[in-house]
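Scroll down for the structure; my scribbles are underneath it.
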Amino acid sequence: MNSSPNFIGAMIPAKPETNFVLRCADNAMILGQRLSEMCGHAPELELDLALTNISLDLIGQAGLLYDHVQTLEKLAPNADVLALTRDQNAYLNCLLVAQPNVDFAHIVLRQYLFSTFQKRQYEALLSSSDETLAAIAEKSLKEIAYHIRFAKDWVLRLGDGTEDSHERMADALDCLWRYSGELFEKDSVLAAAIDAGLLTDFTDKYEAWQIEVVALLAEATLTPPDDTHMLKGGYQGHQEDHLGHILTDMQYMQLKYPSLQW
Amino acid sequence: MYSTDLRTDAEKRRAQKADAKRSVEDAAFLDAFQARIDAGDIIEAKDIMPEGYRKTLVRQISQHAHSEIVGMLPEGNWVTRAPTLRRKLILLAKIQDEAGHGLYLYSAAETLGRSRDDMVADLLSGKAKYSTIFTYPTPTWADMGTIGWLVDGAAITNQIPLCRCSFGPYARAMVRVCKEESFHQRQGYEIVTTLAQGTPEQKQMAQESLDRIWWPSLMMFGPPDGASAHSSQNMKWKIKRHSNDELRQRFIDTTVPQAEFLGLKIPDPDLKWNEERGRYDFGDIDWSEMWAVIKGGGICGKARIRARKAAHKEGEWVRAAAAAYAQKRNSEKAA
Ligand SMILES: [Fe+2]
Ligand SMILES: [Fe+2]
């Protein structure tokens, strides 16, 4: 099992396809991890169950994707080492998923922006030349439909609820909108993965996505800030400070006790 | 146990006095109810029942629900640090099950006329109790195994007889809950097994966790029978089927061989097999510790309630928003 004497860290993917799947895996993993912080602490028991459900779905997706990465290029001795021991700048998630659980408004808006994007990204995988990946996408899309429904309902309720909840949503939007540009950015890795037939080009759905999201926000009496300077870099490993703190917890056991079975 | 009577003697006396004053139930009514119980009838929420029966069940079921909910916190302590993705998923799903148990039990108690809001308010104010076991800290990953193995294991020992409790909604809830608890117990034992068969430091981690949690898990069954005044009435009503001591003994008898199988040592020098009784003898339990936990909250009690209060407080604006939104939609419809 162990092709490397070192049970900490992982190799950098050489192929753009691997890099892209790792991005998908890290997106699901880091958001799943973020949501799991709420377990036992959500504002209502029913919401605790719902957030934990989404977290379970996402970490489940991440597990399948990390396993798949390993078959494309064996980057680490096993999928847990890959998922849980890399340096911060080797994580390839978008910046949005690491944003903190400031309050329930931030949580549901982050989820709404991410899941509506993820839906389009995974739909672009359905006809992938990589059948395993297409199957993972198909399975995940069923889960994503539920995530969108949950998040959308709450964006509406909180946006068009009380003055207080509206203000909180406006603040969340002000903070999180800046990370939406990265979701649909086509860098050289993504372009190469598309050329290789791994997925169709979902970045041309950016405008349609914006129209849908802005319309829902309008229904929730919210307007995205204009002239936003979009923040990017997560997909290239330029992570914000938030991720380091996530990793401190997430990597604790694997780093403290490398190579053990649990 | 999650539902064991944890009231102090003074609290029980006060409750008894209040009951006596209020009681308008004559002997004939009480006898007729007892006859139903004796005949093995299942009591449903809409049935007439003695006030004492109702109150006992509300206390017991709501305390059970609170225990499920507070019990999410010591395990939640390791969700973000679980060692592998598989373990993280299993732990999250387990904690989610416990939340489900809590919700299910709150509904069962609500059938008896107490609202969930009121029950939760009692938990947050400190008026209602929850199982003492959840006031203990979980310093290592091994505790996630030991809790599943011992705490869910003890819960099953207590709850299997409750599946035949005379109150239908509680009995049915227990059937469903027990299935999941035995799943949790097996998963916990599997974690401990992996550690016990792992490196010396993993085995030590498992042993130290057992050392910490063993005695508190025995205390889950509640005070010894002599000191538990309400047991006999609850037995007559078939709310309780076995004494605290009997259940504790059963738990010990099943658990000791499981520890031996793993090569772990139960931290009780007096523990030995009694050939004559066909059961294990065991050392004295330090009841002063249990009462100190009940009265003072133990190591983590204050933090547990603070966490529940914080979640509840954060829920206020969310609930207000949901209500305002629903009202706007309703008035739109009306217009
Ligand atoms: Fe439970
Ligand atoms: Fe359980």
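To be explicit about the labels: the chains of the structure tokens are called A, B, and onward in the order shown, and within each one the residues are counted from 1, while ligands get numbers from 1 in the order they are shown.
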
Open item on the list: Contacts from chain A to chain B, 9 Å maximum, only C-alpha atoms: show me the residue list as number ranges by chain.
Closed with: A: 33-34, 36-46, 48-49, 52-53, 55-56, 59-60, 62-63, 79-81, 83-84, 103-105, 154, 156-166, 246, 248-254, 260-262

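Neighbours of ligand 1 at a cut-off of 6 Å, computed so that only C-alpha atoms and all ligand atoms are counted, are the residues B:Glu68, B:Glu98, B:His101, B:Glu181.
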
With C-alpha atoms retained, could you export that selection as a PDB file, in the first residue's frame?
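Below is the file that was written, result-v6.pdb:
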ATOM      1  CA  GLU B  68     -29.607  12.749  23.566  1.00  0.00           C
ATOM      2  CA  GLU B  98     -28.745  11.250  18.476  1.00  0.00           C
ATOM      3  CA  HIS B 101     -33.570  10.531  18.985  1.00  0.00           C
ATOM      4  CA  GLU B 181     -28.035   2.550  19.599  1.00  0.00           C
TER       5      GLU B 181
END

Task: Straight-line distance linking CA of Val189 (chain A) with CA of Pro16 (chain A), stated in Å to one decimal - done: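 Value for the CA of Val189 (chain A)-CA of Pro16 (chain A) distance: 5.2 Å.
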
Task: DSSP alpha helix (DSSP H) residues within region 113-184 of chain A, listed as a ChimeraX atom specification - done: /A:113-123,131-159,163-176,180-183

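Of the listed residues (B:Pro139, B:Gly222, B:Pro169, B:Pro50), B:Pro169 comes nearest to Tyr104 (chain B); the distances count only C-alpha atoms.
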
- [ ] State, in Å with one decimal place, the distance from CA of Met174 (chain B) to CA of Gln159 (chain B).
- [x] 6.4 Å

Task: Exercise: region 171-186 of chain A partners within 9 Å, only C-alpha atoms, chain neighbours under 3 positions left out, as a ChimeraX atom specification - done: /A:94-96,99,102-103,105-107,109-110,113-114,117-118,121,166-168,189-191,201-206,222-225,228-235

Open item on the list: Please compute the CA of Gln185 (chain B)-CA of Ser67 (chain B) distance, one decimal, in Å.
Closed with: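 Pair CA of Gln185 (chain B) / CA of Ser67 (chain B) returns 16.6 Å.
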
TODO: Identify which of the residues B:Pro137, B:Gly145, B:Gly52, B:Pro267 lies closest to ligand 2, counting only C-alpha atoms and all ligand atoms when measuring atom-to-atom distances.
DONE: B:Gly145

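Of the residues in region 223-281 of chain B, those that DSSP places in strand (DSSP E) on the basis of the backbone are Lys272, Trp273, Asn274, Arg279, Tyr280 and Asp281 of chain B.
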
Task: Close residues, Leu30 (chain B) itself excluded, 10 Å, only C-alpha atoms, min 4 positions apart in chain, as a PyMOL selection string - done: chain B and resi 25-26+34-35+49-50

Task: Nearest residue to Pro161 (chain B) from the set B:Lys127, B:Glu110, B:His242, B:Ala196 (distances using only C-alpha atoms) - done: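 Of all the options, B:His242 lies closest to Pro161 (chain B).
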
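Among the candidates A:Ile8, A:Ala137, A:Leu247, A:Leu72, the one nearest to Asn89 (chain A) when counting only C-alpha atoms is A:Leu247.
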